[in-house]
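Heads up, the thing below is written out as structure tokens.
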Amino acid sequence: MLRKAVSLIIFTLAAFIAYLLINTFSFKSKQHYYPAAEKVAIPETAIQNLATLLSLRTVSNDDPPSIDTAAFNRLDSFLTEKYPEIHEKIIKKTINRYSYIFEWPGKDKSLPPIILTAHTDVVPVPDEDLKSWKEPPFDGKIINGMVIGRGALDDKASVVGILEAIEYLLAKGYESRRTIYFAFGHDEEIGGSRGARSIVEHLKKEGVKPEFVLDEGYAITEGIVPGILTRLAMIGIAEKGFVSFRLSIELEGGHSSMPNDETAIGVLAEAITRLKEHPFPAQITEPVDQFMEYTGPEMRFAEKLVFANKGLLKKVIINAYLQSSATMPLVRTSMAPTIFQGGMKENVIPARARAVINLRLLPGMTVEKAGKQLKEIIHDDRIKIETLPFNSEPGKVADTGAFGYEIIDKTIKEVFPEVITTPNLVIGATDGRYYEEICDNVYRFVPICITQDNINSIHSINEQISGSDFKNIVRFYIRLIQNANSSNN
Ligand SMILES: [Zn+2]
């Protein structure tokens with residue numbers, strides 16, 4: 001009897017292992033391979049122009065009067081002086097003084113246009129950080145081949161990359177079959193409401209329906225994704241939603257020598273603790289599922305086995321994602337308390353306390369559903385919950401089978417031959433979300449190289465890019481435009 005049971009266990013185990021292995025060995029690569037494109041010679045002036053743009057303090061600040069309007073005005077002369085071909089041949093429209101739409105009319109009006117977009121503003125550099133920069137962040141210095149300054153990666157390399165590519169093609173007498181728009185917002189870092197949102201309103205009024213839009217969001221990564229040994233280009237196909245809720249409470253205050261059992265600060269602190277103890281359920285949404293489909297077959301055996309059996313090992317995968325604050329947001333609607341206010345004086349119990357909780361919503365979640373869920377978890381009617389006005393629903397999921405994805409993928413592989421590609425979910429907010437109003441396929445990718453060395457410099461200290469990496473960005477946009485024109489789509 002015992003022997004029978006043991007053999008049954010062994011048989012089941014063997015069958016289970018065989019099942020895992022069959023799935024692993026039949027987990028086929030989804031990579032398409034293309035021959036490397038001819039390496040276009042990019043002039044050194046391209047690098048100089050990037051340095052010049054870095055020297056303009058186009059800083060987005062939450063406090064509008066402190067914005068350096070002169071810097072944003074200089075941006076206009078920068079565009080005119082450095083890009084004579086564009087100035088002469090391309091239609092430029094200025095939106096809300098500092099944002100721009102450029103239209104390069106194509107010869108074939110039956111083809112839907114494409115839009116390349118980036119933002120010209122950058123986040124501020126706090127005074128206390130200045131001494132940690134090896135070169136001042138707004139001097140536009142080039143040292144040992146590195147272009148150093150705020151915006152080198154986010155997102156001025158993309159702005160200048162697009163401009164250089166188009167200037168290059170125009171100077172060569174290249175004519176575009178498809179209409180190409182390129183648009184630069186000036187306030188992405190504070191929500192994009194006067195930049196990208198107005199740009200899209202304008203395009204919508206003009207009836208522009210692009211084939212696809214390409215904005216920032218992901219990049220080419222190296223040593224960032226565990227289990228992947230080559231460089232990995234991630235193409236954002238959706239982005240998380242964004243909403244903040246203000247919690248406020250009024251309770252009787254008084255002298256701190258005679259405290260009531262419950263105080264405004266105490267009750268609000270308990271509510272925040274409850275939120276921490278009851279996170280939103282973790283799940284694998286479509287963009288993350290696709291990430292596993294694309295990267296899994298390229299991984300080392302152990303990781304490949306797990307992703308090949310993701311149906312069966314879903315819990316294991318989700319748990320692994322939840323272990324780090326870098327991957328957790330990919331599988332969960334995250335909640336973070338960002339403001340807590342109450343009290344003025346050490347011996348007075350305040351009657352009022354307020355807090356703000358910021359949520360990033362997974363595809364499938366909505367601002368309304370999240371608010372309801374938050375209310376249920378807090379479960380205290382004394383706490384008033386308000387939705388703050390600046391919020392966005394999670395984005396549409398762009399199609400990985402569409403023409404746009406196909407040519408972005410192809411262009412990456414032609415310009416960076418050793419790189420593999422994958423779709424993924426963008427966890428931050430980008431201007432790209434506004435374009436979903438006029439386009440189903442908004443992709444989020446800039447061909448900058450992100451490694452363990454420079455990943456923390458974005459929005460931080462010593463942001464920089466090498467001249468040779470920057471030239472590849474220009475090559476990418478040149479090739480992308482050529483590819484967008486070569487297909488019959
Ligand atoms: Zn950015």
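Letters for chains follow the order of the structure tokens (A, B, ...), residue numbers begin at 1 for each chain, and ligand numbers begin at 1 in the order shown.
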
Hey, could you make a per-residue contact list for chain A against ligand 1 with 8 Å as the cut-off, showing the nearest pair of atoms and its distance in Å to one decimal, counting only C-alpha atoms and all ligand atoms, sorted by chain and number, as CSV?
```
residue,atom,partner,partner_atom_place_in_ligand_line,distance
A:Ala118,CA,ligand 1,1 (Zn),7.6
A:His119,CA,ligand 1,1 (Zn),6.6
A:Val122,CA,ligand 1,1 (Zn),7.5
A:Asp154,CA,ligand 1,1 (Zn),4.6
A:Asp155,CA,ligand 1,1 (Zn),4.9
A:Glu188,CA,ligand 1,1 (Zn),6.8
A:Glu189,CA,ligand 1,1 (Zn),6.7
A:Glu216,CA,ligand 1,1 (Zn),6.4
A:Gly217,CA,ligand 1,1 (Zn),7.3
A:Thr430,CA,ligand 1,1 (Zn),6.8
```

How would the residues just picked look written out with C-alpha atoms as a PDB file, in the first residue's frame?
```pdb
ATOM      1  CA  ALA A 118       9.399  64.927 -26.386  1.00  0.00           C
ATOM      2  CA  HIS A 119       9.475  67.632 -23.712  1.00  0.00           C
ATOM      3  CA  VAL A 122      13.406  69.724 -16.911  1.00  0.00           C
ATOM      4  CA  ASP A 154      15.223  63.317 -19.558  1.00  0.00           C
ATOM      5  CA  ASP A 155      14.304  64.440 -22.156  1.00  0.00           C
ATOM      6  CA  GLU A 188       5.674  67.665 -18.834  1.00  0.00           C
ATOM      7  CA  GLU A 189       7.336  67.682 -15.424  1.00  0.00           C
ATOM      8  CA  GLU A 216       9.483  58.955 -23.840  1.00  0.00           C
ATOM      9  CA  GLY A 217       8.867  56.302 -21.159  1.00  0.00           C
ATOM     10  CA  THR A 430       4.231  60.851 -19.479  1.00  0.00           C
TER      11      THR A 430
END
```

Item to check | Shell of 8 Å around A:Asn96, only C-alpha atoms, local chain residues under 3 positions omitted, as a ChimeraX atom specification | outcome: /A:99,194-195,198

Item to check | alpha helix (DSSP H) residues, from DSSP on the backbone, in stretch 137-224 of chain A, as a list in words | outcome: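 DSSP-assigned alpha helix (DSSP H) residues in stretch 137-224 of chain A: Lys156, Ala157, Ser158, Val159, Val160, Gly161, Ile162, Leu163, Glu164, Ala165, Ile166, Glu167, Tyr168, Leu169, Leu170, Ala171, Ala196, Arg197, Ser198, Ile199, Val200, Glu201, His202, Leu203, Lys204 and Lys205 of chain A.
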
Checklist entry - Could you name the residues that touch A:Pro329 at 12 Å or less, counting only C-alpha atoms, but leaving out those on the same chain fewer than 5 positions away, as a list of chain:residue names? => result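 Here the qualifying residues turn out to be A:Glu239, A:Lys240, A:Gly241, A:Pro279, A:Phe280, A:Pro281, A:Ala282, A:Gln283, A:Ile284, A:Thr285, A:Val288, A:Ile318, A:Tyr321, A:Leu322, A:Gln323, A:Ser324, A:Ser334, A:Met335, A:Ala336, A:Leu359, A:Arg360, A:Leu361, A:Leu362, A:Pro363, A:Leu425, A:Val426, A:Ile427, A:Gly428.
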
Could you list, as a PDB file with all heavy atoms, in the first residue's frame, every residue within 9 Å of A:Ile249, counting only C-alpha atoms and ignoring same-chain residues fewer than 6 positions away?
```
ATOM      1  N   ALA A 264      -7.417  64.210  16.179  1.00  0.00           N
ATOM      2  CA  ALA A 264      -7.455  64.277  14.707  1.00  0.00           C
ATOM      3  C   ALA A 264      -6.209  63.604  14.110  1.00  0.00           C
ATOM      4  O   ALA A 264      -6.313  62.785  13.185  1.00  0.00           O
ATOM      5  CB  ALA A 264      -7.546  65.737  14.260  1.00  0.00           C
ATOM      6  N   ILE A 265      -5.053  63.937  14.646  1.00  0.00           N
ATOM      7  CA  ILE A 265      -3.812  63.348  14.109  1.00  0.00           C
ATOM      8  C   ILE A 265      -3.806  61.831  14.308  1.00  0.00           C
ATOM      9  O   ILE A 265      -3.457  61.069  13.392  1.00  0.00           O
ATOM     10  CB  ILE A 265      -2.565  63.994  14.765  1.00  0.00           C
ATOM     11  CG1 ILE A 265      -2.396  65.433  14.264  1.00  0.00           C
ATOM     12  CG2 ILE A 265      -1.300  63.180  14.488  1.00  0.00           C
ATOM     13  CD1 ILE A 265      -1.198  66.186  14.839  1.00  0.00           C
ATOM     14  N   VAL A 267      -6.376  59.687  14.641  1.00  0.00           N
ATOM     15  CA  VAL A 267      -7.332  58.959  13.787  1.00  0.00           C
ATOM     16  C   VAL A 267      -6.820  58.904  12.336  1.00  0.00           C
ATOM     17  O   VAL A 267      -6.894  57.872  11.672  1.00  0.00           O
ATOM     18  CB  VAL A 267      -8.739  59.626  13.867  1.00  0.00           C
ATOM     19  CG1 VAL A 267      -9.678  59.020  12.831  1.00  0.00           C
ATOM     20  CG2 VAL A 267      -9.307  59.464  15.267  1.00  0.00           C
ATOM     21  N   LEU A 268      -6.254  60.018  11.890  1.00  0.00           N
ATOM     22  CA  LEU A 268      -5.751  60.043  10.518  1.00  0.00           C
ATOM     23  C   LEU A 268      -4.542  59.106  10.362  1.00  0.00           C
ATOM     24  O   LEU A 268      -4.412  58.393   9.362  1.00  0.00           O
ATOM     25  CB  LEU A 268      -5.369  61.483  10.140  1.00  0.00           C
ATOM     26  CG  LEU A 268      -5.273  61.780   8.655  1.00  0.00           C
ATOM     27  CD1 LEU A 268      -6.558  61.424   7.924  1.00  0.00           C
ATOM     28  CD2 LEU A 268      -4.946  63.246   8.418  1.00  0.00           C
ATOM     29  N   ALA A 351      -7.421  70.603  16.032  1.00  0.00           N
ATOM     30  CA  ALA A 351      -8.759  70.083  15.722  1.00  0.00           C
ATOM     31  C   ALA A 351      -8.809  69.505  14.312  1.00  0.00           C
ATOM     32  O   ALA A 351      -9.727  68.790  13.961  1.00  0.00           O
ATOM     33  CB  ALA A 351      -9.781  71.210  15.863  1.00  0.00           C
ATOM     34  N   ARG A 352      -7.815  69.828  13.518  1.00  0.00           N
ATOM     35  CA  ARG A 352      -7.830  69.384  12.121  1.00  0.00           C
ATOM     36  C   ARG A 352      -6.513  68.702  11.735  1.00  0.00           C
ATOM     37  O   ARG A 352      -5.439  69.121  12.206  1.00  0.00           O
ATOM     38  CB  ARG A 352      -8.037  70.578  11.189  1.00  0.00           C
ATOM     39  CG  ARG A 352      -9.483  70.992  11.008  1.00  0.00           C
ATOM     40  CD  ARG A 352      -9.590  72.288  10.212  1.00  0.00           C
ATOM     41  NE  ARG A 352      -9.177  73.414  11.035  1.00  0.00           N
ATOM     42  CZ  ARG A 352      -9.983  74.048  11.890  1.00  0.00           C
ATOM     43  NH1 ARG A 352     -11.256  73.674  11.994  1.00  0.00           N
ATOM     44  NH2 ARG A 352      -9.540  75.048  12.621  1.00  0.00           N
ATOM     45  N   ALA A 353      -6.628  67.694  10.891  1.00  0.00           N
ATOM     46  CA  ALA A 353      -5.426  67.078  10.314  1.00  0.00           C
ATOM     47  C   ALA A 353      -5.760  66.694   8.873  1.00  0.00           C
ATOM     48  O   ALA A 353      -6.917  66.384   8.553  1.00  0.00           O
ATOM     49  CB  ALA A 353      -5.007  65.860  11.110  1.00  0.00           C
ATOM     50  N   ARG A 354      -4.744  66.744   8.030  1.00  0.00           N
ATOM     51  CA  ARG A 354      -4.965  66.422   6.608  1.00  0.00           C
ATOM     52  C   ARG A 354      -3.814  65.563   6.100  1.00  0.00           C
ATOM     53  O   ARG A 354      -2.691  65.680   6.594  1.00  0.00           O
ATOM     54  CB  ARG A 354      -4.997  67.684   5.749  1.00  0.00           C
ATOM     55  CG  ARG A 354      -5.997  68.708   6.184  1.00  0.00           C
ATOM     56  CD  ARG A 354      -6.217  69.749   5.112  1.00  0.00           C
ATOM     57  NE  ARG A 354      -4.954  70.305   4.605  1.00  0.00           N
ATOM     58  CZ  ARG A 354      -4.886  71.100   3.544  1.00  0.00           C
ATOM     59  NH1 ARG A 354      -5.984  71.363   2.868  1.00  0.00           N
ATOM     60  NH2 ARG A 354      -3.744  71.595   3.144  1.00  0.00           N
ATOM     61  N   ARG A 382     -15.786  59.729   9.706  1.00  0.00           N
ATOM     62  CA  ARG A 382     -15.328  61.037  10.175  1.00  0.00           C
ATOM     63  C   ARG A 382     -14.255  61.597   9.238  1.00  0.00           C
ATOM     64  O   ARG A 382     -13.973  62.781   9.232  1.00  0.00           O
ATOM     65  CB  ARG A 382     -14.751  60.918  11.596  1.00  0.00           C
ATOM     66  CG  ARG A 382     -15.816  60.542  12.623  1.00  0.00           C
ATOM     67  CD  ARG A 382     -15.180  60.217  13.950  1.00  0.00           C
ATOM     68  NE  ARG A 382     -14.229  59.096  13.851  1.00  0.00           N
ATOM     69  CZ  ARG A 382     -13.509  58.641  14.862  1.00  0.00           C
ATOM     70  NH1 ARG A 382     -13.573  59.230  16.052  1.00  0.00           N
ATOM     71  NH2 ARG A 382     -12.694  57.608  14.705  1.00  0.00           N
ATOM     72  N   ILE A 383     -13.631  60.703   8.469  1.00  0.00           N
ATOM     73  CA  ILE A 383     -12.580  61.160   7.558  1.00  0.00           C
ATOM     74  C   ILE A 383     -13.189  61.503   6.198  1.00  0.00           C
ATOM     75  O   ILE A 383     -13.822  60.666   5.551  1.00  0.00           O
ATOM     76  CB  ILE A 383     -11.487  60.088   7.404  1.00  0.00           C
ATOM     77  CG1 ILE A 383     -10.813  59.873   8.770  1.00  0.00           C
ATOM     78  CG2 ILE A 383     -10.462  60.489   6.347  1.00  0.00           C
ATOM     79  CD1 ILE A 383      -9.785  58.786   8.792  1.00  0.00           C
ATOM     80  N   LYS A 384     -13.026  62.756   5.810  1.00  0.00           N
ATOM     81  CA  LYS A 384     -13.543  63.200   4.511  1.00  0.00           C
ATOM     82  C   LYS A 384     -12.500  62.848   3.441  1.00  0.00           C
ATOM     83  O   LYS A 384     -11.301  63.086   3.634  1.00  0.00           O
ATOM     84  CB  LYS A 384     -13.741  64.715   4.585  1.00  0.00           C
ATOM     85  CG  LYS A 384     -14.542  65.292   3.472  1.00  0.00           C
ATOM     86  CD  LYS A 384     -14.858  66.754   3.817  1.00  0.00           C
ATOM     87  CE  LYS A 384     -14.862  67.575   2.555  1.00  0.00           C
ATOM     88  NZ  LYS A 384     -14.656  68.977   2.788  1.00  0.00           N
TER      89      LYS A 384
END
```

Taking the backbone alone, and naming residues the way the document does, which bits of stretch 173-324 of chain A are strand (DSSP E or B) by DSSP, as a short mmCIF file (atom, residue, chain, number, x, y, z; two decimals) with all heavy atoms, in the first residue's frame?
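Below you can see result.cif, which holds the result:
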```cif
data_model
loop_
_atom_site.label_atom_id
_atom_site.label_comp_id
_atom_site.auth_asym_id
_atom_site.auth_seq_id
_atom_site.Cartn_x
_atom_site.Cartn_y
_atom_site.Cartn_z
N ILE A 180 4.97 63.90 -41.22
CA ILE A 180 5.60 63.67 -39.92
C ILE A 180 5.34 64.90 -39.05
O ILE A 180 5.69 66.02 -39.43
CB ILE A 180 7.15 63.51 -40.06
CG1 ILE A 180 7.52 62.59 -41.22
CG2 ILE A 180 7.79 63.12 -38.72
CD1 ILE A 180 7.61 61.14 -40.94
N TYR A 181 4.74 64.67 -37.90
CA TYR A 181 4.65 65.75 -36.92
C TYR A 181 5.71 65.50 -35.87
O TYR A 181 5.95 64.36 -35.48
CB TYR A 181 3.29 65.73 -36.22
CG TYR A 181 2.14 66.20 -37.06
CD1 TYR A 181 1.38 65.29 -37.80
CD2 TYR A 181 1.80 67.55 -37.12
CE1 TYR A 181 0.31 65.72 -38.58
CE2 TYR A 181 0.74 67.98 -37.90
CZ TYR A 181 0.00 67.06 -38.62
OH TYR A 181 -1.05 67.49 -39.39
N PHE A 182 6.35 66.58 -35.40
CA PHE A 182 7.12 66.44 -34.17
C PHE A 182 6.72 67.58 -33.26
O PHE A 182 6.52 68.72 -33.71
CB PHE A 182 8.63 66.32 -34.40
CG PHE A 182 9.25 67.29 -35.36
CD1 PHE A 182 10.12 68.28 -34.91
CD2 PHE A 182 9.02 67.19 -36.72
CE1 PHE A 182 10.72 69.16 -35.79
CE2 PHE A 182 9.61 68.08 -37.62
CZ PHE A 182 10.45 69.07 -37.16
N ALA A 183 6.51 67.24 -32.01
CA ALA A 183 5.91 68.20 -31.08
C ALA A 183 6.65 68.17 -29.76
O ALA A 183 7.04 67.10 -29.27
CB ALA A 183 4.44 67.85 -30.88
N PHE A 184 6.88 69.36 -29.21
CA PHE A 184 7.59 69.45 -27.94
C PHE A 184 6.76 70.21 -26.92
O PHE A 184 6.47 71.40 -27.10
CB PHE A 184 8.94 70.17 -28.14
CG PHE A 184 9.81 69.54 -29.20
CD1 PHE A 184 10.34 70.29 -30.24
CD2 PHE A 184 10.10 68.18 -29.17
CE1 PHE A 184 11.13 69.72 -31.23
CE2 PHE A 184 10.90 67.59 -30.16
CZ PHE A 184 11.41 68.36 -31.19
N GLY A 185 6.40 69.54 -25.85
CA GLY A 185 5.69 70.19 -24.74
C GLY A 185 6.69 70.86 -23.82
O GLY A 185 7.85 70.49 -23.78
N PHE A 212 0.71 56.23 -35.42
CA PHE A 212 1.21 55.98 -34.06
C PHE A 212 1.91 57.22 -33.54
O PHE A 212 2.24 58.14 -34.31
CB PHE A 212 2.16 54.77 -34.01
CG PHE A 212 3.50 54.97 -34.64
CD1 PHE A 212 4.58 55.47 -33.89
CD2 PHE A 212 3.73 54.66 -35.97
CE1 PHE A 212 5.82 55.65 -34.48
CE2 PHE A 212 4.97 54.85 -36.56
CZ PHE A 212 6.02 55.35 -35.80
N VAL A 213 2.10 57.25 -32.23
CA VAL A 213 2.82 58.34 -31.57
C VAL A 213 3.97 57.71 -30.80
O VAL A 213 3.82 56.64 -30.21
CB VAL A 213 1.88 59.09 -30.58
CG1 VAL A 213 2.65 60.16 -29.80
CG2 VAL A 213 0.70 59.71 -31.31
N LEU A 214 5.13 58.38 -30.83
CA LEU A 214 6.25 57.90 -30.03
C LEU A 214 6.67 58.99 -29.05
O LEU A 214 7.00 60.10 -29.43
CB LEU A 214 7.43 57.51 -30.94
CG LEU A 214 8.66 56.95 -30.21
CD1 LEU A 214 8.33 55.67 -29.44
CD2 LEU A 214 9.81 56.68 -31.18
N ASP A 215 6.63 58.64 -27.76
CA ASP A 215 7.02 59.57 -26.69
C ASP A 215 8.07 58.87 -25.82
O ASP A 215 8.42 57.71 -26.04
CB ASP A 215 5.78 59.96 -25.87
CG ASP A 215 6.04 61.08 -24.87
OD1 ASP A 215 7.02 61.83 -25.03
OD2 ASP A 215 5.24 61.22 -23.92
N GLU A 216 8.54 59.57 -24.79
CA GLU A 216 9.48 58.95 -23.84
C GLU A 216 8.75 57.93 -22.95
O GLU A 216 7.54 57.79 -23.01
CB GLU A 216 10.07 60.04 -22.95
CG GLU A 216 8.97 60.69 -22.10
CD GLU A 216 9.48 61.61 -21.00
OE1 GLU A 216 10.67 61.57 -20.69
OE2 GLU A 216 8.65 62.35 -20.46
N GLY A 217 9.49 57.24 -22.10
CA GLY A 217 8.87 56.30 -21.16
C GLY A 217 9.82 55.18 -20.78
O GLY A 217 10.10 54.94 -19.61
N TYR A 218 10.32 54.46 -21.80
CA TYR A 218 11.31 53.42 -21.55
C TYR A 218 12.53 53.67 -22.44
O TYR A 218 12.54 54.59 -23.24
CB TYR A 218 10.75 52.03 -21.76
CG TYR A 218 10.12 51.44 -20.52
CD1 TYR A 218 8.80 51.00 -20.51
CD2 TYR A 218 10.86 51.32 -19.34
CE1 TYR A 218 8.22 50.44 -19.36
CE2 TYR A 218 10.30 50.78 -18.20
CZ TYR A 218 8.98 50.34 -18.21
OH TYR A 218 8.44 49.80 -17.08
N ALA A 219 13.53 52.79 -22.27
CA ALA A 219 14.82 53.01 -22.93
C ALA A 219 15.47 51.66 -23.19
O ALA A 219 14.86 50.62 -23.01
CB ALA A 219 15.69 53.85 -22.00
N ILE A 220 16.74 51.72 -23.60
CA ILE A 220 17.53 50.49 -23.72
C ILE A 220 18.21 50.26 -22.37
O ILE A 220 18.89 51.15 -21.87
CB ILE A 220 18.59 50.63 -24.82
CG1 ILE A 220 17.91 50.87 -26.17
CG2 ILE A 220 19.50 49.38 -24.87
CD1 ILE A 220 18.88 51.21 -27.30
N THR A 221 17.98 49.11 -21.78
CA THR A 221 18.52 48.87 -20.43
C THR A 221 19.64 47.84 -20.49
O THR A 221 19.67 46.97 -21.37
CB THR A 221 17.44 48.34 -19.48
OG1 THR A 221 16.97 47.08 -19.97
CG2 THR A 221 16.28 49.31 -19.39
N GLU A 222 20.54 47.97 -19.55
CA GLU A 222 21.63 47.00 -19.46
C GLU A 222 21.84 46.66 -17.98
O GLU A 222 22.06 47.56 -17.16
CB GLU A 222 22.90 47.63 -20.04
CG GLU A 222 24.03 46.64 -20.18
CD GLU A 222 25.23 47.23 -20.90
OE1 GLU A 222 25.10 48.26 -21.59
OE2 GLU A 222 26.31 46.66 -20.72
N LEU A 232 18.54 45.18 -23.28
CA LEU A 232 17.10 44.99 -23.49
C LEU A 232 16.43 46.34 -23.70
O LEU A 232 16.46 47.21 -22.83
CB LEU A 232 16.50 44.30 -22.25
CG LEU A 232 14.98 44.13 -22.23
CD1 LEU A 232 14.53 43.11 -23.27
CD2 LEU A 232 14.51 43.68 -20.84
N ALA A 233 15.81 46.50 -24.87
CA ALA A 233 15.06 47.73 -25.14
C ALA A 233 13.61 47.49 -24.75
O ALA A 233 12.98 46.55 -25.22
CB ALA A 233 15.14 48.09 -26.62
N MET A 234 13.11 48.33 -23.85
CA MET A 234 11.72 48.17 -23.43
C MET A 234 10.89 49.26 -24.10
O MET A 234 11.25 50.43 -24.06
CB MET A 234 11.62 48.27 -21.92
CG MET A 234 12.32 47.12 -21.21
SD MET A 234 11.75 46.92 -19.52
CE MET A 234 13.00 47.83 -18.66
N ILE A 235 9.81 48.85 -24.71
CA ILE A 235 8.91 49.78 -25.39
C ILE A 235 7.63 49.87 -24.57
O ILE A 235 6.93 48.87 -24.41
CB ILE A 235 8.60 49.27 -26.83
CG1 ILE A 235 9.91 49.08 -27.61
CG2 ILE A 235 7.65 50.22 -27.55
CD1 ILE A 235 9.76 48.21 -28.86
N GLY A 236 7.37 51.03 -24.02
CA GLY A 236 6.16 51.19 -23.20
C GLY A 236 4.93 51.10 -24.09
O GLY A 236 4.85 51.78 -25.11
N ILE A 237 3.98 50.23 -23.71
CA ILE A 237 2.76 50.14 -24.52
C ILE A 237 1.54 50.63 -23.73
O ILE A 237 0.42 50.62 -24.24
CB ILE A 237 2.51 48.70 -25.05
CG1 ILE A 237 2.50 47.68 -23.90
CG2 ILE A 237 3.54 48.33 -26.11
CD1 ILE A 237 1.95 46.32 -24.30
N ALA A 238 1.76 51.03 -22.49
CA ALA A 238 0.65 51.58 -21.69
C ALA A 238 1.29 52.26 -20.50
O ALA A 238 2.44 51.98 -20.16
CB ALA A 238 -0.28 50.48 -21.22
N GLU A 239 0.53 53.18 -19.88
CA GLU A 239 1.07 53.76 -18.65
C GLU A 239 0.03 53.74 -17.54
O GLU A 239 -1.17 53.71 -17.80
CB GLU A 239 1.63 55.16 -18.89
CG GLU A 239 0.61 56.24 -19.05
CD GLU A 239 1.26 57.63 -19.24
OE1 GLU A 239 2.19 57.77 -20.04
OE2 GLU A 239 0.79 58.58 -18.60
N GLY A 241 -2.30 54.90 -14.36
CA GLY A 241 -3.06 56.11 -14.03
C GLY A 241 -2.48 56.78 -12.80
O GLY A 241 -1.59 56.22 -12.12
N PHE A 242 -2.99 57.96 -12.53
CA PHE A 242 -2.44 58.79 -11.46
C PHE A 242 -3.60 59.47 -10.75
O PHE A 242 -4.43 60.10 -11.40
CB PHE A 242 -1.53 59.82 -12.12
CG PHE A 242 -0.91 60.85 -11.20
CD1 PHE A 242 0.45 60.80 -10.94
CD2 PHE A 242 -1.67 61.87 -10.61
CE1 PHE A 242 1.05 61.76 -10.12
CE2 PHE A 242 -1.09 62.81 -9.80
CZ PHE A 242 0.27 62.76 -9.55
N VAL A 243 -3.67 59.35 -9.44
CA VAL A 243 -4.68 60.11 -8.69
C VAL A 243 -4.23 60.31 -7.24
O VAL A 243 -3.56 59.45 -6.68
CB VAL A 243 -6.08 59.42 -8.74
CG1 VAL A 243 -6.07 58.04 -8.11
CG2 VAL A 243 -7.15 60.28 -8.06
N SER A 244 -4.58 61.47 -6.70
CA SER A 244 -4.30 61.69 -5.27
C SER A 244 -5.62 61.95 -4.55
O SER A 244 -6.52 62.59 -5.09
CB SER A 244 -3.39 62.90 -5.10
OG SER A 244 -2.12 62.62 -5.63
N PHE A 245 -5.71 61.43 -3.33
CA PHE A 245 -6.88 61.67 -2.50
C PHE A 245 -6.46 62.46 -1.27
O PHE A 245 -5.45 62.14 -0.64
CB PHE A 245 -7.51 60.35 -2.05
CG PHE A 245 -8.08 59.56 -3.20
CD1 PHE A 245 -7.38 58.46 -3.72
CD2 PHE A 245 -9.29 59.92 -3.78
CE1 PHE A 245 -7.89 57.74 -4.79
CE2 PHE A 245 -9.80 59.19 -4.86
CZ PHE A 245 -9.10 58.11 -5.35
N ARG A 246 -7.25 63.50 -0.96
CA ARG A 246 -6.97 64.24 0.27
C ARG A 246 -7.88 63.71 1.38
O ARG A 246 -9.09 63.63 1.22
CB ARG A 246 -7.21 65.74 0.09
CG ARG A 246 -6.83 66.51 1.36
CD ARG A 246 -7.27 67.95 1.33
NE ARG A 246 -6.54 68.72 0.37
CZ ARG A 246 -7.11 69.45 -0.57
NH1 ARG A 246 -8.41 69.47 -0.69
NH2 ARG A 246 -6.38 70.15 -1.41
N LEU A 247 -7.28 63.31 2.48
CA LEU A 247 -8.04 62.85 3.64
C LEU A 247 -8.01 63.98 4.66
O LEU A 247 -6.94 64.53 4.94
CB LEU A 247 -7.40 61.61 4.28
CG LEU A 247 -6.91 60.49 3.34
CD1 LEU A 247 -6.34 59.34 4.15
CD2 LEU A 247 -8.05 60.01 2.46
N SER A 248 -9.17 64.33 5.20
CA SER A 248 -9.14 65.36 6.24
C SER A 248 -10.12 65.00 7.34
O SER A 248 -11.11 64.29 7.11
CB SER A 248 -9.45 66.73 5.65
OG SER A 248 -10.65 66.67 4.92
N ILE A 249 -9.82 65.46 8.51
CA ILE A 249 -10.65 65.14 9.67
C ILE A 249 -10.69 66.33 10.62
O ILE A 249 -9.70 67.05 10.76
CB ILE A 249 -10.14 63.87 10.40
CG1 ILE A 249 -11.04 63.57 11.59
CG2 ILE A 249 -8.67 63.99 10.82
CD1 ILE A 249 -10.90 62.18 12.15
N GLU A 250 -11.88 66.53 11.22
CA GLU A 250 -12.01 67.55 12.28
C GLU A 250 -12.53 66.86 13.52
O GLU A 250 -13.56 66.21 13.50
CB GLU A 250 -13.02 68.62 11.84
CG GLU A 250 -12.40 69.68 10.96
CD GLU A 250 -13.33 70.87 10.75
OE1 GLU A 250 -13.91 71.35 11.73
OE2 GLU A 250 -13.44 71.28 9.59
N GLY A 254 -7.82 70.78 21.80
CA GLY A 254 -7.76 71.19 23.21
C GLY A 254 -6.34 71.25 23.72
O GLY A 254 -5.37 71.24 22.94
N HIS A 255 -6.24 71.30 25.03
CA HIS A 255 -4.92 71.40 25.63
C HIS A 255 -4.28 70.01 25.71
O HIS A 255 -4.96 69.04 26.04
CB HIS A 255 -5.02 72.02 27.03
CG HIS A 255 -3.71 72.55 27.51
ND1 HIS A 255 -2.73 71.74 28.02
CD2 HIS A 255 -3.22 73.82 27.52
CE1 HIS A 255 -1.68 72.49 28.33
NE2 HIS A 255 -1.96 73.77 28.05
#
```

Checklist entry - Which is closer to A:Ile224 than all the others in A:Ala37, A:Ala196, A:Ala326, A:Val446, using only C-alpha atoms? => result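 So, comparing all the options, the nearest one is A:Ala326.
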
Next on the checklist: Measuring between only C-alpha atoms, which one of A:Cys449, A:Pro105, A:Ser7, A:Glu346 shows the shortest distance to A:Ser468?
Outcome noted: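 The closest residue to A:Ser468 is A:Cys449.
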
Item to check | Coordinates-based distance that separates atom CA of A:Phe416 from atom CA of A:Asn441 (Å, one decimal) | outcome: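 According to the coordinates, atom CA of A:Asn441 and atom CA of A:Phe416 are separated by 23.1 Å.
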
Item to check | atom CA of A:Lys172 to atom CA of A:Leu50, straight-line distance in Å | outcome: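 These two atoms are separated by 21.1 Å.
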
Next on the checklist: Please determine, counting only C-alpha atoms, which residue among A:Val160, A:Arg444, A:Ala165, A:Gln48 has the shortest atom-to-atom distance to A:Gly140.
Outcome noted: A:Gln48
